[in-house]
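Down below is the structure, laid out as structure tokens.
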There are 2 protein chains.
Amino acid sequence: MFATLKFAALLLAVVVCWATQDYDYNDAEIDEEPTLGDSPYGSLWPLPQKVQISTVVFKLSGASFHIFDAKASSSGASCRLLQNAYRRYDEYIFTSSRKQGQNKSKKALASDMSELQVWITSADSECDSYPSVTSDESLTQYSLCKLYQYFNNNSILHLFIFSQKSINRTDIHDFPRFAHRGLLLDTSRHFLPIKVILANLEAMAWNKFNVFHWHIVDDPSFPYLSRTFPQLSQHGAYHPYTHVYTPSDVKMIIEFARLRGIRVVPEFDTPGHTQSWGKGQKDLLTPCYSGASPSGSFGPVNPMLNTTYDFMSMFFKEVNTVFPDAYVHLGGDEVDFSCWKSNPDIQKFMEQQGFGTDYSKLESFYIQRLLDIVTTTNKGYMIWQEVFDNGVKLKSDTVVHVWMGNKVEEELQKVTEAGFTTILSAPWYLDYISYGQDWQKFYRAEPLSFKGTDAQKKLVIGGEACLWGEYVDATNLTPRLWPRASAVGERLWSDRDVRDLNDAYSRLAKHRCRMAYKPSVQPLSACCGHSEH
Amino acid sequence: MFATLKFAALLLAVVVCWATQDYDYNDAEIDEEPTLGDSPYGSLWPLPQKVQISTVVFKLSGASFHIFDAKASSSGASCRLLQNAYRRYDEYIFTSSRKQGQNKSKKALASDMSELQVWITSADSECDSYPSVTSDESLTQYSLCKLYQYFNNNSILHLFIFSQKSINRTDIHDFPRFAHRGLLLDTSRHFLPIKVILANLEAMAWNKFNVFHWHIVDDPSFPYLSRTFPQLSQHGAYHPYTHVYTPSDVKMIIEFARLRGIRVVPEFDTPGHTQSWGKGQKDLLTPCYSGASPSGSFGPVNPMLNTTYDFMSMFFKEVNTVFPDAYVHLGGDEVDFSCWKSNPDIQKFMEQQGFGTDYSKLESFYIQRLLDIVTTTNKGYMIWQEVFDNGVKLKSDTVVHVWMGNKVEEELQKVTEAGFTTILSAPWYLDYISYGQDWQKFYRAEPLSFKGTDAQKKLVIGGEACLWGEYVDATNLTPRLWPRASAVGERLWSDRDVRDLNDAYSRLAKHRCRMAYKPSVQPLSACCGHSEH
């Protein structure tokens, strides 16, 4: 007879391996390199909000183990999201041991754990819908969103990854600290092949990131293949066939993300950062002047032409249909005024509008009209902090994205004082690399350290790690991003007090191995084969 | 009728693609980011000593092209090295276009280039021997060593890589500036799987590196499986089966390197950096004391025991048979005296030997005996600079390896003044990473800028790029190393005056693409899909 464990979606048995004896807990701030010991939490990453490890030990029966829907569950065989997750986790856990034929003929013992029942108690199954910023990701809510978090939850992985080991029964009650846990990838400065994006969505799920901020186009290239304006990528991509994202590529990425509880928020940054747009769309950009005549180069989007807004209307109408997420990122950062200033038509327009020589008013003029356009598509918008700083009138549900490295706390204070929702990226520019364990720097950052009321703090809905693409492409992206981004993942998921660097280092080292060698099961020390001091 | 080109081993036609019009030559020192233009030398890397590009244009016939031995050649079908190179380069050049079925049915035109004849004029074919520091690598010498350099030479690659393009006939006369162009990989701090090592030997050949400095063991792990002392890796490796280099692994690596003109110089660093040795070899390391009793930890190799030297004799006898290169690297760096100081037996020994409290005399005592042992195996030795600095008596053919970042020029001056051959690594610690284009820093370094006579300068036989393994393993090694190491490759191969950063940047960007996407042929801009600004 097999022991059967029933889980109420929130309770799960977790292996705690190489356990607690020589654990050296240290609350003090550490300035030296952390010590690589063992954590009482094994390789859990990010750390759940509540973990209780009991001394009851089970053995995992790799031979007969299976995951299935509990009888009382409100979701089951018809839920693609769920079934996909079962299959995926079965692969993570057992591929290697089954290949090796382990446990095939072994008889299961009485104390073996042989099945995992999944019990969804929410009546509203979200099997076919997209995750959103209001999706409840906590394991106490019994919603389906929880369930796939449950399956994204690397705790479940721990349950089985060492299938030859004994397992301590462990109760977990988990929920995220922040609702928006994003990662920005930049596919304009270097093109990123689909498989690189998918691999990183997978890694995101393992680290409980739930927003893929797709900085899809920028100055250097325009890889987004627009149905309405195919000439944009035809002329603006690095290559019109091999270095574009077709509508079906985009669909695939969105679905792959959805199955992992990840939103896809595209960014179409204007009016700056648009050089590549100009290659396929005549008159969209402002002609720059050298003295009295056009210099041949172009500046930001031309804000004085009606054709610009006609174009943007049609373009964002398409974006609205292609990207299901409730939000689109509109950029708005780093607008260089020098080209506008050089152009006599723009000068005249400034005069007509009564802007004087304040070009940020012209910027606001453009962005205001753009926001109106996007509002008609029923999308919410995110914008980089300059748009807020320049006093553009924003819808109340706008998300202000704080990225500038100076005066971060003041900015958060101002933005939330004005009542806007905000996300933080300033401490998490992962494209800036340095020697050694710089994950600690990302890990230490605390989004709520600014001065403000509780209501203000609540407006900080999360943050994003950014990997800009100046020096990143398919050849180096993944090892450059992971496990450094994992530090941000835990900061955004786990409790504010989870900041012990030694404990984090120990868990992160194991988590890194798991990511690097998934899904094969190897002895841990061998899997790593490393020493960081 | 096909046009047939005959090459006298040193003359070869080279494609110069996207040629010279907008080339912006700039001799001045550049402190800003270099400009990505086109070089008159296309994608040649490292730049040959002499290149002459004519206006005579050929088309390459991908359908019928083949490489074969000229009738008058002294080496041919029986030369494995040569045949292996033909096959390898045929693959680099044509795999992709043949797959795509290009040119299959096309008739070759009169101006097509359809064959490459290889004419070896040296009577002494070195088909079966190993490369050495005295191997003549210049294309004027007509030796076989030249021939495989000829095939390693990426100029030949240029000849064909863009098989759809027209080819300017180009004469190249080439030879290396320095005889020793090495790369250090560290397989102790993180284990590196065979395939990672092989991939990097291949990349080394593409960049004309000719020495693989294999820092095979160190404190953290001992992956070298010794026939004589199997317990060393049994207990000292991260894993005794999966994380070791067996005798046949080592053989394979050496042969793979040989076929590419690369020497394999192993480093067995003592008396420091030996923690992992102690796990499998009792009494080899010095027991450290805490007060009057042993602390349980161990220090450097114990220099006072005869058993130590018995062990080293047997060990290096094996090393001599396993590694065919004329040199072995004996390390000798960073010996920490604190453990020796703590040990009362060592204190007594110091007294007996009349060393007083000068522990560098004890270090010298050990190293002197080690050098004597290695000398009996007829191996030459390389050592890190401390051994020279500490005044250990060295054989006249010892290579002193300069690595310390401070007073580099003074050190080179001293070492060469003392008449020793030297190689330089101080400016090329590639494990130190930083944001942006740090290849320029490595590229700018000049090994002969120290003060000294011509005779002294001649003693600098080259240098090595070092990639220490603290933060490097199979997941990130290759993208972290390349193309940064390429900068060192050109510095060590090309003429001293080749230092134009704009020109180098242009060639390097293309060279990087070639390395990243070999052997498939893609449009260059698409292959890269990148912009560094």
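Chains: A, B, ... in order of the structure tokens. Residues: from 1 per chain. Ligands: from 1, in order shown.
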Practice item. List the neighbours of stretch 316-326 of chain A out to 10 Å using only C-alpha atoms; skip same-chain residues closer than 3 positions along the sequence, and give me the result as an MDAnalysis selection string. Key: chainID A and resid 129:133 211 226:229 247:248 250:251 254 263:268 311:313 370 373:381
Exercise for review: Apply DSSP to the backbone of this structure and, from stretch 202-330 of chain B, keep only the residues in alpha helix (DSSP H); write these as a VMD selection string.
Suggested key: chain B and resid 202 to 206 231 to 236 247 to 258 275 to 280 306 to 322
**Study point:** Best match for closeness to chain A among B:Thr453, B:Thr187, B:Ser342, B:Ser114, counting only C-alpha atoms
**Key:** B:Thr187
Considering only C-alpha atoms, return as a PDB file with N, CA, C and O atoms, in the first residue's frame whatever protein or nucleic-acid residues lie within 12 Å of A:Thr246, sequence-local ones (same chain, fewer than 4 positions apart) excluded.
```pdb
ATOM      1  N   PRO A 193      17.090  35.647 -30.760  1.00  0.00           N
ATOM      2  CA  PRO A 193      16.288  34.584 -31.359  1.00  0.00           C
ATOM      3  C   PRO A 193      15.183  34.122 -30.400  1.00  0.00           C
ATOM      4  O   PRO A 193      15.339  34.208 -29.170  1.00  0.00           O
ATOM      5  N   ILE A 194      14.085  33.639 -30.969  1.00  0.00           N
ATOM      6  CA  ILE A 194      12.957  33.172 -30.166  1.00  0.00           C
ATOM      7  C   ILE A 194      13.404  32.233 -29.059  1.00  0.00           C
ATOM      8  O   ILE A 194      12.971  32.343 -27.916  1.00  0.00           O
ATOM      9  N   PHE A 222      14.286  47.548 -35.743  1.00  0.00           N
ATOM     10  CA  PHE A 222      12.846  47.429 -35.562  1.00  0.00           C
ATOM     11  C   PHE A 222      12.425  46.010 -35.951  1.00  0.00           C
ATOM     12  O   PHE A 222      11.941  45.781 -37.048  1.00  0.00           O
ATOM     13  N   PRO A 223      12.634  45.053 -35.049  1.00  0.00           N
ATOM     14  CA  PRO A 223      12.356  43.657 -35.416  1.00  0.00           C
ATOM     15  C   PRO A 223      10.882  43.265 -35.345  1.00  0.00           C
ATOM     16  O   PRO A 223      10.544  42.144 -35.745  1.00  0.00           O
ATOM     17  N   TYR A 224      10.001  44.131 -34.848  1.00  0.00           N
ATOM     18  CA  TYR A 224       8.578  43.792 -34.761  1.00  0.00           C
ATOM     19  C   TYR A 224       7.954  43.848 -36.149  1.00  0.00           C
ATOM     20  O   TYR A 224       7.921  44.909 -36.778  1.00  0.00           O
ATOM     21  N   LEU A 225       7.465  42.714 -36.617  1.00  0.00           N
ATOM     22  CA  LEU A 225       6.816  42.683 -37.925  1.00  0.00           C
ATOM     23  C   LEU A 225       5.357  43.093 -37.756  1.00  0.00           C
ATOM     24  O   LEU A 225       4.539  42.330 -37.235  1.00  0.00           O
ATOM     25  N   SER A 226       5.064  44.318 -38.189  1.00  0.00           N
ATOM     26  CA  SER A 226       3.707  44.847 -38.067  1.00  0.00           C
ATOM     27  C   SER A 226       2.890  44.438 -39.290  1.00  0.00           C
ATOM     28  O   SER A 226       3.330  44.584 -40.424  1.00  0.00           O
ATOM     29  N   ARG A 227       1.680  43.918 -39.028  1.00  0.00           N
ATOM     30  CA  ARG A 227       0.787  43.590 -40.143  1.00  0.00           C
ATOM     31  C   ARG A 227       0.376  44.861 -40.882  1.00  0.00           C
ATOM     32  O   ARG A 227       0.242  44.888 -42.093  1.00  0.00           O
ATOM     33  N   PRO A 230       4.142  46.710 -42.535  1.00  0.00           N
ATOM     34  CA  PRO A 230       5.249  45.750 -42.679  1.00  0.00           C
ATOM     35  C   PRO A 230       6.568  46.411 -43.095  1.00  0.00           C
ATOM     36  O   PRO A 230       7.637  45.851 -42.868  1.00  0.00           O
ATOM     37  N   SER A 233       9.615  46.862 -40.294  1.00  0.00           N
ATOM     38  CA  SER A 233      10.668  45.861 -40.102  1.00  0.00           C
ATOM     39  C   SER A 233      11.382  45.556 -41.419  1.00  0.00           C
ATOM     40  O   SER A 233      12.566  45.232 -41.418  1.00  0.00           O
ATOM     41  N   GLN A 234      10.654  45.654 -42.512  1.00  0.00           N
ATOM     42  CA  GLN A 234      11.279  45.441 -43.835  1.00  0.00           C
ATOM     43  C   GLN A 234      12.537  46.305 -43.972  1.00  0.00           C
ATOM     44  O   GLN A 234      13.572  45.850 -44.435  1.00  0.00           O
ATOM     45  N   ALA A 237      14.566  46.460 -39.575  1.00  0.00           N
ATOM     46  CA  ALA A 237      15.171  45.330 -38.857  1.00  0.00           C
ATOM     47  C   ALA A 237      16.598  45.117 -39.349  1.00  0.00           C
ATOM     48  O   ALA A 237      16.970  45.580 -40.423  1.00  0.00           O
ATOM     49  N   PRO A 240      15.343  41.597 -42.871  1.00  0.00           N
ATOM     50  CA  PRO A 240      13.884  41.616 -42.982  1.00  0.00           C
ATOM     51  C   PRO A 240      13.207  40.252 -42.806  1.00  0.00           C
ATOM     52  O   PRO A 240      12.007  40.187 -42.564  1.00  0.00           O
ATOM     53  N   TYR A 241      13.964  39.149 -42.920  1.00  0.00           N
ATOM     54  CA  TYR A 241      13.350  37.826 -42.757  1.00  0.00           C
ATOM     55  C   TYR A 241      13.854  37.085 -41.536  1.00  0.00           C
ATOM     56  O   TYR A 241      13.083  36.474 -40.808  1.00  0.00           O
ATOM     57  N   THR A 242      15.172  37.145 -41.325  1.00  0.00           N
ATOM     58  CA  THR A 242      15.735  36.323 -40.247  1.00  0.00           C
ATOM     59  C   THR A 242      15.732  37.042 -38.902  1.00  0.00           C
ATOM     60  O   THR A 242      15.806  36.391 -37.863  1.00  0.00           O
ATOM     61  N   VAL A 250       5.271  36.162 -32.054  1.00  0.00           N
ATOM     62  CA  VAL A 250       4.783  36.924 -30.900  1.00  0.00           C
ATOM     63  C   VAL A 250       3.732  36.124 -30.146  1.00  0.00           C
ATOM     64  O   VAL A 250       3.756  36.035 -28.913  1.00  0.00           O
ATOM     65  N   LYS A 251       2.826  35.501 -30.907  1.00  0.00           N
ATOM     66  CA  LYS A 251       1.791  34.669 -30.286  1.00  0.00           C
ATOM     67  C   LYS A 251       2.407  33.558 -29.458  1.00  0.00           C
ATOM     68  O   LYS A 251       1.953  33.272 -28.347  1.00  0.00           O
ATOM     69  N   MET A 252       3.397  32.928 -30.035  1.00  0.00           N
ATOM     70  CA  MET A 252       4.027  31.797 -29.358  1.00  0.00           C
ATOM     71  C   MET A 252       4.673  32.245 -28.052  1.00  0.00           C
ATOM     72  O   MET A 252       4.560  31.576 -27.020  1.00  0.00           O
ATOM     73  N   ILE A 253       5.348  33.368 -28.106  1.00  0.00           N
ATOM     74  CA  ILE A 253       6.006  33.894 -26.910  1.00  0.00           C
ATOM     75  C   ILE A 253       4.977  34.225 -25.826  1.00  0.00           C
ATOM     76  O   ILE A 253       5.155  33.914 -24.648  1.00  0.00           O
ATOM     77  N   VAL A 322      -2.601  42.610 -30.839  1.00  0.00           N
ATOM     78  CA  VAL A 322      -1.549  41.583 -30.834  1.00  0.00           C
ATOM     79  C   VAL A 322      -1.140  41.211 -29.414  1.00  0.00           C
ATOM     80  O   VAL A 322      -0.882  40.046 -29.121  1.00  0.00           O
TER      81      VAL A 322
END
```
Exercise for review: Measuring atom to atom with only C-alpha atoms, identify which of B:Leu430, B:Val488, B:Ala85, B:Val498 is nearest to chain A.
Suggested key: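 Ranked by minimum distance to chain A, first place goes to B:Leu430.
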Exercise for review: Please run DSSP on the backbone and report, as a VMD selection string, all residues within stretch 191-416 of chain A that come out as strand (DSSP E).
Suggested key: chain A and resid 211 to 215 263 to 267 285 to 290 293 to 301 327 to 329 380 to 384 399 to 402
Point to revise | Within 8 Å of A:Gly296 using only C-alpha atoms, minus same-chain residues under 5 positions, as a list in words | key: Pro287, Cys288 and Tyr289 of chain A
Residue subset to file, keeping N, CA, C and O atoms, as a PDB file, in the first residue's frame:
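This went into out-v3.pdb:
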```
ATOM      1  N   PRO A 287      12.997  66.006 -39.475  1.00  0.00           N
ATOM      2  CA  PRO A 287      14.254  66.232 -40.185  1.00  0.00           C
ATOM      3  C   PRO A 287      15.097  67.246 -39.399  1.00  0.00           C
ATOM      4  O   PRO A 287      14.595  68.310 -39.019  1.00  0.00           O
ATOM      5  N   CYS A 288      16.345  66.922 -39.172  1.00  0.00           N
ATOM      6  CA  CYS A 288      17.246  67.852 -38.495  1.00  0.00           C
ATOM      7  C   CYS A 288      17.846  68.798 -39.535  1.00  0.00           C
ATOM      8  O   CYS A 288      18.023  68.435 -40.699  1.00  0.00           O
ATOM      9  N   TYR A 289      18.134  70.011 -39.077  1.00  0.00           N
ATOM     10  CA  TYR A 289      18.709  71.015 -39.977  1.00  0.00           C
ATOM     11  C   TYR A 289      20.135  71.337 -39.583  1.00  0.00           C
ATOM     12  O   TYR A 289      20.490  71.336 -38.402  1.00  0.00           O
TER      13      TYR A 289
END
```
Point to revise | Polymer residues at most 6 Å from stretch 68-77 of chain B, only C-alpha atoms, same-chain spacing of 4 or more positions, as a ChimeraX atom specification | key: /B:117-121
For the residues selected in the previous step, produce a file with C-alpha atoms as a CSV table (one decimal), in the first residue's frame.
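Listed below is the output, result28.csv:
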```
chain,number,residue,atom,x,y,z
B,117,GLN,CA,46.6,23.7,-54.2
B,118,VAL,CA,48.7,23.3,-51.1
B,119,TRP,CA,52.4,23.2,-51.8
B,120,ILE,CA,54.6,22.1,-48.9
B,121,THR,CA,58.3,22.7,-49.8
```
Exercise for review: List the neighbours of A:Leu459 out to 10 Å using only C-alpha atoms; skip same-chain residues closer than 3 positions along the sequence, and give me the result as number ranges by chain.
Suggested key: A: 399, 412, 415-417, 419-423, 454-456, 462
Point to revise | Exercise: B:Val408 partners within 9 Å, only C-alpha atoms, chain neighbours under 6 positions left out, as a PyMOL selection string | key: chain B and resi 402+424+426-427+450
Hey, can you spit out that residue selection with C-alpha atoms as a compact mmCIF listing (two decimals), in the first residue's frame?
```
# COMPACT_ATOMS: atom_id res chain seq x y z
CA VAL B 402 55.14 37.83 -15.15
CA LEU B 424 53.71 38.34 -19.85
CA ALA B 426 49.86 41.00 -16.14
CA PRO B 427 47.78 43.12 -18.55
CA PHE B 450 59.93 48.47 -20.82
```
